[in-house]
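S.K.: Sharing a structure, written as structure tokens. Questions coming.
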Amino acid sequence: MGDIIERYIKNPDFKKEQFLELLGCASDPEAAGRLREEAVRVQKLHYGEKIYTRGLIEFTNYCRNDCRYCGIRRGNLHARRYRLTKEEILDCCARGYALGFRTFVLQGGEDRWFTDERMADIVRSIRQNHPDCAITLSLGERSYESYRLLKEAGADRYLLRHETANEEHYKKLHPADMSLAVRKLCLYDLKLLGYQVGAGFMVGSPGQTAECLAEDLVFLKELKPHMVGIGPFIPHHDTVFAGEPAGSVEQTLFFLSVIRILLPKVLLPATTALGTLDPEGREKGILAGANVVMPNLSPLKNRKQYDLYDNKISTGEEAAECREDLARRVERIGYHLVEERGDAER
Ligand code: 5AD
């Protein structure tokens, strides 16, 4: 058991079979502990005790896609749809700026109302109002030209989880009109355009096998993203996966450590899903190698509507208004929230 961990720590340039062997240790507390220790060493080597914050603005829950796991999928007729106006989005940024956020993440479903023109106009205004801030977009799959225009308008980063790197599993999670090939193409387009790119996947999603997870790690090693978002799968009552079990917190923490060692300078959030399954998920994530938190900056009136999975937290330490509480919690475990853009070190 311990042997594979030591080999990984020494040289994480693993092939699929070796990743599979590594994943065999995920439920061994001793192995996970050793990995965590190394992950924290690497995290501190590159980022010290700094924890970066991102203000998350969930600006639309309209979506043209029908992803089987997601609460805002097109087919969910119970979802109450909303779309923020440009003014509301700019207000969120101004509020976030005053609270100390220097990165804004605009995340939404794939909502055609937000054409390239409308989106570029919003990005340009944020760029103008907050020249010292980073703008991250998370709008799903768009064309190369669209990504290019948005980059030109002032966007710096783009989050697009690959969700799973296994073809068959991708088909199980998504409707027939979506494909892993297109998803990967988008990620490579974004990289080519000079975005700092974030990929990622859910831990414990229905049908996920150890093979899938090993392939996720191989893909991440290939893509070399600047950011990796991973969180446990959590069922949503209005989806076909309503009755499926949630992913495990322990396994998610194990993957945070694995990824920190695989991509030492990666920006790695302790995600909302992790905080949803465990009230101390945030802290545990940081102590497993994460160095980013993304509190919710969306208008209070809409927060419950961005309902990706059941019981998604949006208040307490999860809320941008509670930055002070979050700062205290982070201090308690020996880290500091910083007021910086927090670009990826290369
Ligand atoms: N459980 C956990 N994460 C989910 N996401 C969507 N639905 C769920 C769910 N049921 C994640 C996806 C997506 C991100 C915005 O939220 O990975 O990329």
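By order of appearance in the structure tokens: chains A, B, ..., then residues from 1 within every chain, and ligands from 1 in the order shown.
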With only C-alpha atoms and all ligand atoms counted, collect every polymer residue having an atom within 9 Å of ligand 1; state the result as a ChimeraX atom specification.

M.R.: /A:67-73,107-109,138,140,159-163,199-203,205,229-236,239,241-242,246-247,272-274,307-310

S.K.: Just asking: which residues within stretch 85-265 of chain A are strand (DSSP E) according to DSSP, as a list of chain:residue names?

M.R.: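 Those residues are A:Thr103, A:Phe104, A:Val105, A:Leu106, A:Gln107, A:Gly108, A:Ala134, A:Ile135, A:Thr136, A:Leu137, A:Ser138, A:Arg157, A:Tyr158, A:Leu159, A:Gln196, A:Val197, A:Gly198, A:Ala199, A:Gly200, A:Phe201, A:Met202, A:Val203, A:Met227, A:Val228, A:Gly229, A:Ile230, A:Gly231, A:Pro232.
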
S.K.: Write the residues of the preceding selection, restricted to C-alpha atoms, as a compact mmCIF listing (two decimals), in the first residue's frame.

M.R.:
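Written output follows (part_15.txt):
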# COMPACT_ATOMS: atom_id res chain seq x y z
CA THR A 103 -11.71 37.74 -8.97
CA PHE A 104 -15.26 37.52 -10.24
CA VAL A 105 -16.56 34.26 -11.63
CA LEU A 106 -19.54 34.61 -13.94
CA GLN A 107 -21.16 31.24 -14.01
CA GLY A 108 -24.36 30.27 -15.76
CA ALA A 134 -9.53 38.94 -12.78
CA ILE A 135 -12.63 37.94 -14.72
CA THR A 136 -13.42 34.25 -14.91
CA LEU A 137 -16.15 32.92 -17.16
CA SER A 138 -18.00 29.63 -16.78
CA ARG A 157 -9.95 32.67 -17.13
CA TYR A 158 -12.50 30.02 -18.05
CA LEU A 159 -13.92 27.14 -16.04
CA GLN A 196 -6.14 30.32 -17.64
CA VAL A 197 -8.25 27.20 -17.92
CA GLY A 198 -10.05 25.12 -15.34
CA ALA A 199 -11.19 21.54 -15.90
CA GLY A 200 -12.56 19.10 -13.35
CA PHE A 201 -14.98 16.35 -12.48
CA MET A 202 -17.40 15.07 -9.88
CA VAL A 203 -16.31 12.38 -7.47
CA MET A 227 -7.32 25.19 -12.21
CA VAL A 228 -9.14 21.99 -11.30
CA GLY A 229 -12.63 21.98 -9.80
CA ILE A 230 -13.61 18.76 -8.12
CA GLY A 231 -16.43 18.05 -5.74
CA PRO A 232 -18.58 15.13 -4.69

S.K.: Identify, with DSSP run on backbone atoms, the residues in stretch 112-161 of chain A assigned to alpha helix (DSSP H), and express the list as a PyMOL selection string.

M.R.: chain A and resi 116-129+144-153

S.K.: For the contact check between stretch 235-313 of chain A and stretch 209-220 of chain A, emit one row per residue of stretch 235-313 of chain A within 10 Å, containing the shortest atom pair and the distance in Å rounded to one decimal, counting only C-alpha atoms, chain then rising number order, as JSON lines.

M.R.:
{"residue": "A:Phe255", "atom": "CA", "partner": "A:Leu217", "partner_atom": "CA", "distance": 9.3}
{"residue": "A:Val258", "atom": "CA", "partner": "A:Leu217", "partner_atom": "CA", "distance": 8.8}
{"residue": "A:Ile259", "atom": "CA", "partner": "A:Leu217", "partner_atom": "CA", "distance": 7.8}
{"residue": "A:Leu262", "atom": "CA", "partner": "A:Leu217", "partner_atom": "CA", "distance": 8.4}
{"residue": "A:Leu263", "atom": "CA", "partner": "A:Leu220", "partner_atom": "CA", "distance": 8.5}

S.K.: Could you save those same residues with C-alpha atoms as a PDB file, in the first residue's frame?

M.R.:
ATOM      1  CA  PHE A 255      -8.341  13.449  -5.036  1.00  0.00           C
ATOM      2  CA  VAL A 258      -3.557  13.585  -5.650  1.00  0.00           C
ATOM      3  CA  ILE A 259      -4.156  16.576  -7.926  1.00  0.00           C
ATOM      4  CA  LEU A 262       0.163  15.929  -9.912  1.00  0.00           C
ATOM      5  CA  LEU A 263      -0.068  19.643 -10.817  1.00  0.00           C
TER       6      LEU A 263
END

S.K.: If we count only C-alpha atoms, what is near stretch 96-102 of chain A at a cut-off of 8 Å, once residues fewer than 4 positions away on the same chain are taken out, given as a list in words?

M.R.: Thr53, Arg54, Gly55, Cys92, Asp132, Cys133, Ala134, Leu297, Ala320, Glu321, Arg323, Glu339, Glu340 and Arg341 of chain A

S.K.: Write out as a PDB file with C-alpha atoms, in the first residue's frame the residues lying within 12 Å of A:Gln128, counting only C-alpha atoms and excluding same-chain residues fewer than 5 positions away.

M.R.:
ATOM      1  CA  LEU A  90     -22.234  44.901 -12.142  1.00  0.00           C
ATOM      2  CA  CYS A  93     -19.094  42.936  -8.690  1.00  0.00           C
ATOM      3  CA  ALA A  94     -19.138  46.290  -6.894  1.00  0.00           C
ATOM      4  CA  ASP A 121     -20.505  44.009 -23.284  1.00  0.00           C
ATOM      5  CA  ILE A 122     -20.822  42.767 -19.698  1.00  0.00           C
ATOM      6  CA  VAL A 123     -17.193  41.634 -19.580  1.00  0.00           C
ATOM      7  CA  CYS A 133      -9.554  42.246 -10.940  1.00  0.00           C
ATOM      8  CA  ALA A 134      -9.529  38.943 -12.780  1.00  0.00           C
ATOM      9  CA  ILE A 135     -12.629  37.943 -14.722  1.00  0.00           C
ATOM     10  CA  ALA A 153     -13.351  41.905 -24.172  1.00  0.00           C
ATOM     11  CA  GLY A 154     -11.236  41.298 -21.073  1.00  0.00           C
ATOM     12  CA  ALA A 155     -11.879  37.809 -19.693  1.00  0.00           C
TER      13      ALA A 155
END

S.K.: Which residue is closest to A:Tyr335? Choose from A:Ile286, A:Ala26, A:Leu150, A:Ala79 and count only C-alpha atoms.

M.R.: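 Among the listed residues, the smallest separation from A:Tyr335 belongs to A:Ile286.
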
S.K.: Can you tell me, as number ranges by chain, what residues are no more than 7 Å from A:Tyr52 when counting only C-alpha atoms, ignoring any on the same chain fewer than 4 positions away?

M.R.: A: 291-293, 337-338, 340, 342

S.K.: Hey, which of A:Pro295, A:His237, A:Ile333, A:Asp343 ends up closest to A:Thr315? Count only C-alpha atoms.

M.R.: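 Once distances to A:Thr315 are computed over only C-alpha atoms, the minimum belongs to A:Pro295.
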
S.K.: Given only C-alpha atoms as the basis, pick out the residue of A:Leu300, A:Leu23, A:Leu173, A:Val42 nearest to A:Gln251.

M.R.: A:Leu23

S.K.: Using only C-alpha atoms, find each residue in stretch 30-146 of chain A having at least one atom no more than 12 Å away from stretch 9-13 of chain A; report its shortest atom-to-atom pair and that distance in Å (one decimal), rows by chain then rising number, as a tab-separated table.

M.R.:
residue	atom	partner	partner_atom	distance
A:Ala31	CA	A:Ile9	CA	11.4
A:Arg34	CA	A:Ile9	CA	9.4
A:Leu35	CA	A:Ile9	CA	7.7
A:Arg36	CA	A:Ile9	CA	10.6
A:Glu37	CA	A:Ile9	CA	10.4
A:Glu38	CA	A:Ile9	CA	7.2
A:Ala39	CA	A:Ile9	CA	9.0
A:Arg41	CA	A:Ile9	CA	11.0
A:Val42	CA	A:Ile9	CA	10.3

S.K.: Write a file of the just-selected residues containing C-alpha atoms, as a tab-separated table (two decimals), in the first residue's frame.

M.R.:
chain	number	residue	atom	x	y	z
A	31	ALA	CA	-2.15	6.26	2.78
A	34	ARG	CA	0.68	10.50	3.86
A	35	LEU	CA	-0.62	11.90	0.59
A	36	ARG	CA	-2.27	14.80	2.39
A	37	GLU	CA	0.95	15.64	4.17
A	38	GLU	CA	2.83	15.81	0.87
A	39	ALA	CA	0.00	17.78	-0.79
A	41	ARG	CA	3.95	20.59	1.64
A	42	VAL	CA	3.61	21.28	-2.10
